[in-house]
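Enquirer: Dropping in protein36.cif, with mmCIF, C-alpha atoms.
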```
data_coords
loop_
_atom_site.group_PDB
_atom_site.id
_atom_site.type_symbol
_atom_site.label_atom_id
_atom_site.label_comp_id
_atom_site.auth_asym_id
_atom_site.auth_seq_id
_atom_site.Cartn_x
_atom_site.Cartn_y
_atom_site.Cartn_z
ATOM 1 C CA PHE A 208 0.000 0.000 0.000
ATOM 2 C CA ASN A 209 1.076 3.543 -0.753
ATOM 3 C CA VAL A 210 -0.803 5.772 1.657
ATOM 4 C CA GLU A 211 -1.785 8.853 -0.325
ATOM 5 C CA GLY A 212 -3.964 10.472 2.304
ATOM 6 C CA LEU A 213 -5.604 10.316 5.712
ATOM 7 C CA VAL A 214 -8.811 12.342 5.750
ATOM 8 C CA ALA A 215 -10.530 13.666 8.855
ATOM 9 C CA SER A 216 -14.224 13.354 8.025
ATOM 10 C CA SER A 217 -17.427 13.764 10.014
ATOM 11 C CA ALA A 218 -18.871 10.625 11.560
ATOM 12 C CA THR A 219 -21.447 9.505 14.132
ATOM 13 C CA PHE A 220 -22.813 11.522 16.999
ATOM 14 C CA ALA A 221 -20.090 14.167 17.412
ATOM 15 C CA ASN A 222 -20.351 15.127 13.709
ATOM 16 C CA VAL A 223 -16.958 16.799 13.853
ATOM 17 C CA ALA A 224 -14.050 16.393 11.449
ATOM 18 C CA ARG A 225 -10.883 17.105 13.441
ATOM 19 C CA LYS A 226 -7.539 16.672 11.729
ATOM 20 C CA GLN A 227 -5.725 17.033 15.036
ATOM 21 C CA ASN A 228 -7.218 13.724 16.222
ATOM 22 C CA ILE A 229 -5.291 11.906 13.477
ATOM 23 C CA LEU A 230 -2.129 13.914 14.161
ATOM 24 C CA ASP A 231 -2.326 12.996 17.849
ATOM 25 C CA ILE A 232 -2.369 9.293 16.963
ATOM 26 C CA LEU A 233 0.517 9.782 14.547
ATOM 27 C CA GLY A 234 2.508 11.257 17.448
ATOM 28 C CA LEU A 235 2.187 7.855 19.153
ATOM 29 C CA TYR A 236 2.857 5.980 15.916
ATOM 30 C CA ASP A 237 6.081 7.987 15.728
ATOM 31 C CA GLN A 238 7.236 6.172 18.877
ATOM 32 C CA VAL A 239 6.950 2.731 17.276
ATOM 33 C CA ASP A 240 7.389 3.103 13.512
ATOM 34 C CA GLU A 241 11.143 2.471 13.584
ATOM 35 C CA ASN A 242 10.517 -0.859 15.284
ATOM 36 C CA LEU A 243 7.842 -1.693 12.716
ATOM 37 C CA ARG A 244 10.305 -1.045 9.897
ATOM 38 C CA LYS A 245 12.641 -3.655 11.394
ATOM 39 C CA HIS A 246 9.973 -6.163 10.388
ATOM 40 C CA ASP A 247 9.002 -4.495 7.104
ATOM 41 C CA THR A 248 10.813 -1.497 5.629
ATOM 42 C CA ARG A 249 7.663 -0.405 3.790
ATOM 43 C CA TYR A 250 5.985 1.009 6.889
ATOM 44 C CA PRO A 251 5.645 4.759 6.241
ATOM 45 C CA THR A 252 7.245 7.274 8.576
ATOM 46 C CA ALA A 253 5.097 9.337 10.879
ATOM 47 C CA ASN A 254 6.330 12.478 9.140
ATOM 48 C CA HIS A 255 5.149 11.183 5.776
ATOM 49 C CA LEU A 256 1.712 10.366 7.167
ATOM 50 C CA ARG A 257 1.499 13.802 8.785
ATOM 51 C CA SER A 258 2.256 15.373 5.414
ATOM 52 C CA VAL A 259 -0.725 13.614 3.822
ATOM 53 C CA THR A 260 -3.291 14.210 6.586
ATOM 54 C CA PHE A 261 -6.117 16.423 5.388
ATOM 55 C CA GLN A 262 -9.004 18.296 6.987
ATOM 56 C CA GLY A 263 -12.537 17.552 5.794
ATOM 57 C CA LEU A 264 -15.774 19.380 6.565
ATOM 58 C CA SER A 265 -17.543 19.175 9.901
ATOM 59 C CA GLY A 266 -21.306 18.974 10.283
ATOM 60 C CA THR A 267 -21.902 16.648 7.322
ATOM 61 C CA TYR A 268 -22.690 13.294 8.970
ATOM 62 C CA GLY A 269 -26.235 12.171 8.150
ATOM 63 C CA LYS A 270 -26.925 15.387 6.250
ATOM 64 C CA SER A 271 -28.489 16.196 2.892
ATOM 65 C CA ILE A 272 -26.927 16.888 -0.491
ATOM 66 C CA ILE A 273 -27.701 20.599 -0.107
ATOM 67 C CA ASN A 274 -25.802 20.718 3.170
ATOM 68 C CA ASN A 275 -22.791 18.678 2.061
ATOM 69 C CA LEU A 276 -22.174 19.279 -1.626
ATOM 70 C CA GLY A 277 -21.674 22.094 -4.109
ATOM 71 C CA GLU A 278 -20.432 25.657 -4.290
ATOM 72 C CA GLY A 279 -18.465 26.716 -1.220
ATOM 73 C CA LYS A 280 -18.113 23.135 0.084
ATOM 74 C CA ASP A 281 -14.486 22.605 -0.931
ATOM 75 C CA SER A 282 -12.119 21.525 1.833
ATOM 76 C CA GLU A 283 -8.440 20.748 2.262
ATOM 77 C CA ALA A 284 -9.439 17.094 1.883
ATOM 78 C CA SER A 285 -11.509 17.439 -1.293
ATOM 79 C CA GLN A 286 -8.815 19.524 -2.978
ATOM 80 C CA ALA A 287 -6.146 16.994 -1.975
ATOM 81 C CA ILE A 288 -8.253 14.145 -3.371
ATOM 82 C CA ILE A 289 -8.309 15.809 -6.795
ATOM 83 C CA LYS A 290 -4.529 16.239 -6.787
ATOM 84 C CA ILE A 291 -3.992 12.617 -5.704
ATOM 85 C CA ILE A 292 -6.211 11.181 -8.436
ATOM 86 C CA ASP A 293 -4.670 13.481 -11.059
ATOM 87 C CA LYS A 294 -1.155 12.158 -10.418
ATOM 88 C CA PRO A 295 0.412 10.481 -13.479
ATOM 89 C CA ASP A 296 0.023 7.029 -11.942
ATOM 90 C CA PRO A 297 -2.054 4.340 -13.662
ATOM 91 C CA ARG A 298 -2.950 2.543 -10.418
ATOM 92 C CA PRO A 299 -6.430 3.007 -8.921
ATOM 93 C CA VAL A 300 -6.892 5.098 -5.794
ATOM 94 C CA TRP A 301 -8.811 3.259 -3.064
ATOM 95 C CA PHE A 302 -10.944 5.163 -0.566
ATOM 96 C CA CYS A 303 -11.636 3.196 2.616
ATOM 97 C CA VAL A 304 -14.495 5.337 3.902
ATOM 98 C CA TRP A 305 -15.134 5.083 7.643
ATOM 99 C CA GLY A 306 -17.040 8.372 7.921
ATOM 100 C CA ASP A 307 -19.198 10.305 5.515
ATOM 101 C CA CYS A 308 -18.552 10.331 1.784
ATOM 102 C CA SER A 309 -18.867 14.088 1.268
ATOM 103 C CA ASN A 310 -15.172 14.825 0.722
ATOM 104 C CA ILE A 311 -14.931 12.399 -2.206
ATOM 105 C CA ALA A 312 -18.280 13.547 -3.562
ATOM 106 C CA GLN A 313 -17.178 17.185 -3.426
ATOM 107 C CA ALA A 314 -14.000 16.362 -5.330
ATOM 108 C CA ILE A 315 -16.052 14.659 -8.038
ATOM 109 C CA TRP A 316 -18.566 17.534 -8.077
ATOM 110 C CA LYS A 317 -15.702 19.999 -8.590
ATOM 111 C CA VAL A 318 -14.171 18.032 -11.458
ATOM 112 C CA ASN A 319 -17.618 17.643 -13.017
ATOM 113 C CA GLN A 320 -18.045 21.427 -12.920
ATOM 114 C CA THR A 321 -14.610 22.417 -14.153
ATOM 115 C CA CYS A 322 -13.415 19.711 -16.551
ATOM 116 C CA SER A 323 -14.495 18.201 -19.849
ATOM 117 C CA ALA A 324 -16.577 15.024 -20.080
ATOM 118 C CA GLU A 325 -13.486 13.123 -21.232
ATOM 119 C CA GLU A 326 -11.411 14.416 -18.307
ATOM 120 C CA LEU A 327 -14.188 13.491 -15.891
ATOM 121 C CA GLU A 328 -14.341 9.964 -17.293
ATOM 122 C CA ILE A 329 -10.594 9.504 -16.789
ATOM 123 C CA PHE A 330 -10.860 10.928 -13.277
ATOM 124 C CA LEU A 331 -13.694 8.595 -12.286
ATOM 125 C CA SER A 332 -11.983 5.557 -13.788
ATOM 126 C CA LYS A 333 -9.203 5.732 -11.179
ATOM 127 C CA ILE A 334 -11.523 5.843 -8.166
ATOM 128 C CA ARG A 335 -12.418 2.827 -6.006
ATOM 129 C CA ILE A 336 -14.739 3.465 -3.059
ATOM 130 C CA TYR A 337 -15.505 1.114 -0.174
ATOM 131 C CA GLN A 338 -18.237 2.832 1.846
ATOM 132 C CA ILE A 339 -19.290 1.535 5.263
ATOM 133 C CA ALA A 340 -22.994 2.148 6.004
ATOM 134 C CA HIS A 341 -25.121 5.151 5.061
ATOM 135 C CA GLN A 342 -23.175 8.008 6.621
ATOM 136 C CA ASP A 343 -24.653 10.837 4.562
ATOM 137 C CA ASN A 344 -26.644 11.409 1.382
ATOM 138 C CA THR A 345 -23.654 11.996 -0.894
ATOM 139 C CA ILE A 346 -23.252 8.234 -1.327
ATOM 140 C CA ASP A 347 -26.752 8.187 -2.861
ATOM 141 C CA TRP A 348 -25.816 11.121 -5.104
ATOM 142 C CA LEU A 349 -22.725 9.302 -6.348
ATOM 143 C CA MET A 350 -24.577 6.077 -7.141
ATOM 144 C CA LYS A 351 -27.407 7.903 -8.900
ATOM 145 C CA ASN A 352 -25.342 10.296 -10.993
ATOM 146 C CA PHE A 353 -22.273 8.163 -11.779
ATOM 147 C CA PRO A 354 -23.519 4.603 -12.364
ATOM 148 C CA ASP A 355 -20.142 3.479 -13.743
ATOM 149 C CA LEU A 356 -18.249 4.633 -10.643
ATOM 150 C CA PHE A 357 -16.676 1.719 -8.733
ATOM 151 C CA ILE A 358 -18.420 1.600 -5.335
ATOM 152 C CA ILE A 359 -18.634 -1.179 -2.780
ATOM 153 C CA TYR A 360 -21.478 -0.050 -0.543
ATOM 154 C CA SER A 361 -21.464 -2.181 2.604
ATOM 155 C CA ASN A 362 -24.671 -1.517 4.474
ATOM 156 C CA SER A 363 -24.728 -4.705 6.555
ATOM 157 C CA THR A 364 -21.714 -7.002 6.079
ATOM 158 C CA TYR A 365 -19.511 -4.908 8.375
ATOM 159 C CA MET A 366 -21.631 -6.035 11.337
ATOM 160 C CA GLY A 367 -19.497 -9.148 11.857
ATOM 161 C CA MET A 368 -16.730 -7.016 13.355
ATOM 162 C CA PHE A 369 -18.813 -4.885 15.701
ATOM 163 C CA GLY A 370 -17.789 -6.868 18.769
ATOM 164 C CA GLY A 371 -19.251 -6.002 22.149
ATOM 165 C CA PRO A 372 -19.787 -7.829 25.433
ATOM 166 C CA ASP A 373 -21.260 -10.910 23.726
ATOM 167 C CA ASP A 374 -18.186 -11.372 21.553
ATOM 168 C CA PRO A 375 -15.516 -13.523 23.273
ATOM 169 C CA LEU A 376 -12.817 -11.327 21.745
ATOM 170 C CA GLY A 377 -14.653 -8.115 22.595
ATOM 171 C CA ASP A 378 -14.788 -8.165 26.384
ATOM 172 C CA HIS A 379 -12.596 -5.852 28.438
ATOM 173 C CA LYS A 380 -10.482 -8.633 29.945
ATOM 174 C CA TRP A 381 -9.429 -9.871 26.510
ATOM 175 C CA LEU A 382 -8.796 -6.310 25.287
ATOM 176 C CA ASP A 383 -6.707 -5.430 28.343
ATOM 177 C CA THR A 384 -4.595 -8.579 28.059
ATOM 178 C CA ASN A 385 -4.073 -8.601 24.310
ATOM 179 C CA ILE A 386 -4.193 -4.945 23.319
ATOM 180 C CA ARG A 387 -4.174 -2.288 26.051
ATOM 181 C CA GLN A 388 -1.638 -3.596 28.538
ATOM 182 C CA ASN A 389 2.033 -4.132 27.640
ATOM 183 C CA HIS A 390 1.441 -3.648 23.925
ATOM 184 C CA GLY A 391 2.983 -0.234 23.407
ATOM 185 C CA PRO A 392 1.570 3.298 23.148
ATOM 186 C CA LEU A 393 -0.883 2.492 20.366
ATOM 187 C CA GLY A 394 -2.379 -0.458 22.225
ATOM 188 C CA ALA A 395 -2.675 1.618 25.389
ATOM 189 C CA ILE A 396 -5.038 4.115 23.780
ATOM 190 C CA TYR A 397 -7.495 1.552 22.432
ATOM 191 C CA PRO A 398 -10.876 2.978 23.516
ATOM 192 C CA ILE A 399 -12.739 1.565 26.511
ATOM 193 C CA ALA A 400 -15.984 1.833 24.564
ATOM 194 C CA ALA A 401 -17.247 2.818 21.121
ATOM 195 C CA MET A 402 -20.525 4.020 19.653
ATOM 196 C CA GLY A 403 -23.218 1.741 21.050
ATOM 197 C CA VAL A 404 -20.721 -0.896 22.233
ATOM 198 C CA ASP A 405 -19.032 -1.427 25.586
ATOM 199 C CA GLY A 406 -15.895 -3.151 24.397
ATOM 200 C CA LEU A 407 -14.297 -3.865 21.037
ATOM 201 C CA LYS A 408 -15.827 -2.350 17.923
ATOM 202 C CA GLU A 409 -14.208 -2.654 14.510
ATOM 203 C CA GLY A 410 -17.198 -2.296 12.234
ATOM 204 C CA ASP A 411 -15.457 -0.054 9.701
ATOM 205 C CA SER A 412 -12.281 -2.113 9.345
ATOM 206 C CA PRO A 413 -13.638 -4.318 6.499
ATOM 207 C CA SER A 414 -13.091 -1.423 4.092
ATOM 208 C CA PHE A 415 -9.345 -1.898 4.627
ATOM 209 C CA MET A 416 -9.298 -5.638 5.342
ATOM 210 C CA TYR A 417 -10.806 -6.171 1.887
ATOM 211 C CA LEU A 418 -7.565 -4.843 0.401
ATOM 212 C CA VAL A 419 -5.351 -6.730 2.854
ATOM 213 C CA SER A 420 -6.821 -10.069 1.801
ATOM 214 C CA ALA A 421 -6.343 -9.115 -1.849
ATOM 215 C CA THR A 422 -2.605 -8.603 -1.276
ATOM 216 C CA TYR A 423 -2.466 -12.214 -0.060
ATOM 217 C CA GLY A 424 -4.154 -13.400 -3.237
ATOM 218 C CA LEU A 425 -7.362 -14.428 -1.468
ATOM 219 C CA ASN A 426 -9.524 -12.224 -3.669
ATOM 220 C CA ASN A 427 -9.347 -9.848 -6.593
ATOM 221 C CA SER A 428 -10.052 -6.335 -5.320
ATOM 222 C CA GLU A 429 -11.587 -5.460 -8.693
ATOM 223 C CA ASN A 430 -14.227 -8.157 -8.220
ATOM 224 C CA PRO A 431 -16.376 -7.519 -5.104
ATOM 225 C CA SER A 432 -18.461 -10.662 -5.707
ATOM 226 C CA GLN A 433 -15.565 -12.794 -4.484
ATOM 227 C CA GLU A 434 -15.169 -13.828 -0.865
ATOM 228 C CA SER A 435 -12.696 -11.707 1.118
ATOM 229 C CA TRP A 436 -11.796 -10.565 4.588
#
```
Show the structure stored in the file as structure tokens.

Expert:
Amino acid sequence: FNVEGLVASSATFANVARKQNILDILGLYDQVDENLRKHDTRYPTANHLRSVTFQGLSGTYGKSIINNLGEGKDSEASQAIIKIIDKPDPRPVWFCVWGDCSNIAQAIWKVNQTCSAEELEIFLSKIRIYQIAHQDNTIDWLMKNFPDLFIIYSNSTYMGMFGGPDDPLGDHKWLDTNIRQNHGPLGAIYPIAAMGVDGLKEGDSPSFMYLVSATYGLNNSENPSQESW
């Protein structure tokens, strides 16, 4: 994987996109990344990840097209997305969407407004979206207006990783033993609880795990009908 961007987007009850939250975690990652590179030199540096962390819009989670899309809705994130996709690189750009989809949608809206039909087609052809749940109405806008756009829209299959007190791997004792205690600074900050769950909750991780399993040859990422992680 070449990490092109980390986007702070609005999600769930707080409905706040805060870039600093990602930068705070990268400060802890900075304490362990050299050790990670002893195992695999391809782990990116914390400084590189900081340089590609972008601010999205707040107040967009669960909101309408009018609220989230159009004139005056550009953000650091949406502008960065355009630049990333426009790079002279033939590989597709995967978006593992764990929050709302408005930043990607705004980038596409902007290109649709400012570029030719041919340029738009090339732009769209490089995009791969894996969207977890219905986070805001821009996912509907994308599917309706760009039927050829590659979108995996997971509105239920992520549930298998929600965890919680009924999951044997989701109780606090297991989390403390295997993640929080004596597993470094990143393990130590694993949340005590998540939205609607007292314990482990990884419901959005399938958007990335799908690509991990593809790197092991278990599935073809271009074919979502295949089994995968």

Enquirer: For atom CA of Lys408 of chain A and atom CA of Lys380 of chain A, determine how far apart the two atoms are, in Å to one decimal place.

Expert: 14.6 Å

Enquirer: Could you list the residues chosen by the PyMOL selection byres ((chain A and resi 349-362) around 12) in this structure as a PyMOL selection string?

Expert: chain A and resi 272+276+299-305+308-316+319+327-348+363-367+410-415+417+428-432

Enquirer: Taking (-5.0, 10.7, -4.5) in the file's coordinates, which residues come within 7 Å, counting only C-alpha atoms, written as a list in words?

Expert: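 Protein, DNA and RNA residues close to (-5.0, 10.7, -4.5): Glu211, Gly212, Ala287, Ile288, Ile289, Lys290, Ile291, Ile292 and Val300 of chain A.
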
Enquirer: Please check which residues have atoms at most 12 Å from (-22.0, 11.7, 17.5) in the file's coordinates, counting all atoms listed in the file, and write them as a list in words.

Expert: Ser217, Ala218, Thr219, Phe220, Ala221, Asn222, Val223, Ala224, Ser265, Gly266, Thr267, Tyr268, Gly269, Gly306, Gln342, Ala401, Met402 and Gly403 of chain A

Enquirer: Selection from above, C-alpha atoms, as a PDB file, in the coordinates of the input, can you write it?

Expert:
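Final output, selection22.pdb:
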```pdb
ATOM      1  CA  SER A 217     -17.427  13.764  10.014  1.00  0.00           C
ATOM      2  CA  ALA A 218     -18.871  10.625  11.560  1.00  0.00           C
ATOM      3  CA  THR A 219     -21.447   9.505  14.132  1.00  0.00           C
ATOM      4  CA  PHE A 220     -22.813  11.522  16.999  1.00  0.00           C
ATOM      5  CA  ALA A 221     -20.090  14.167  17.412  1.00  0.00           C
ATOM      6  CA  ASN A 222     -20.351  15.127  13.709  1.00  0.00           C
ATOM      7  CA  VAL A 223     -16.958  16.799  13.853  1.00  0.00           C
ATOM      8  CA  ALA A 224     -14.050  16.393  11.449  1.00  0.00           C
ATOM      9  CA  SER A 265     -17.543  19.175   9.901  1.00  0.00           C
ATOM     10  CA  GLY A 266     -21.306  18.974  10.283  1.00  0.00           C
ATOM     11  CA  THR A 267     -21.902  16.648   7.322  1.00  0.00           C
ATOM     12  CA  TYR A 268     -22.690  13.294   8.970  1.00  0.00           C
ATOM     13  CA  GLY A 269     -26.235  12.171   8.150  1.00  0.00           C
ATOM     14  CA  GLY A 306     -17.040   8.372   7.921  1.00  0.00           C
ATOM     15  CA  GLN A 342     -23.175   8.008   6.621  1.00  0.00           C
ATOM     16  CA  ALA A 401     -17.247   2.818  21.121  1.00  0.00           C
ATOM     17  CA  MET A 402     -20.525   4.020  19.653  1.00  0.00           C
ATOM     18  CA  GLY A 403     -23.218   1.741  21.050  1.00  0.00           C
TER      19      GLY A 403
END
```

Enquirer: Could you give me, as JSON lines, every segment 324-393 of chain A residue with an atom at most 9 Å from segment 231-255 of chain A, plus its closest atom pair and distance in Å to one decimal, counting only C-alpha atoms, rows ordered by chain then number?

Expert:
```
{"residue": "A:Gly391", "atom": "CA", "partner": "A:Val239", "partner_atom": "CA", "distance": 7.9}
{"residue": "A:Pro392", "atom": "CA", "partner": "A:Leu235", "partner_atom": "CA", "distance": 6.1}
{"residue": "A:Leu393", "atom": "CA", "partner": "A:Leu235", "partner_atom": "CA", "distance": 6.3}
```

Enquirer: Nearest to Leu407 of chain A: which of A:Glu325, A:Asp281, A:Asp378, A:Glu434 is it, counting only C-alpha atoms?

Expert: A:Asp378

Enquirer: Fewer than 5 positions away in the same chain doesn't count, so skip those; otherwise give me all residues within 8 Å of Ala215 of chain A, counting all atoms listed in the file, as a PyMOL selection string.

Expert: chain A and resi 224-226+229+260-263+284

Enquirer: Could you give me the axis-aligned bounding box of segment 255-267 of chain A, with 8 Å of padding per side, as centre plus edge lengths in Å to one decimal, as lines of an AutoDock Vina configuration file?

Expert:
```
center_x = -8.4
center_y = 14.9
center_z = 7.1
size_x = 43.1
size_y = 25.0
size_z = 22.5
```

Enquirer: Report, in Å to a single decimal, how far apart atom CA of Lys280 of chain A and atom CA of Cys322 of chain A are.

Expert: 17.6 Å

Enquirer: Would you mind telling me which residue in A:Ser285, A:Ser271, A:Ser258, A:Asn426 lies nearest to Ser216 of chain A when using only C-alpha atoms?

Expert: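 So, comparing all the options, the nearest one is A:Ser285.
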
Enquirer: Give me, please, the distance in Å between atom CA of Leu382 of chain A and atom CA of Ser420 of chain A, quoted to one decimal.

Expert: 23.9 Å

Enquirer: Which residue gives the smallest distance to Gln286 of chain A among A:Val210, A:Val318, A:Ile399, A:Leu230, with only C-alpha atoms counted?

Expert: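 So, comparing all the options, the nearest one is A:Val318.
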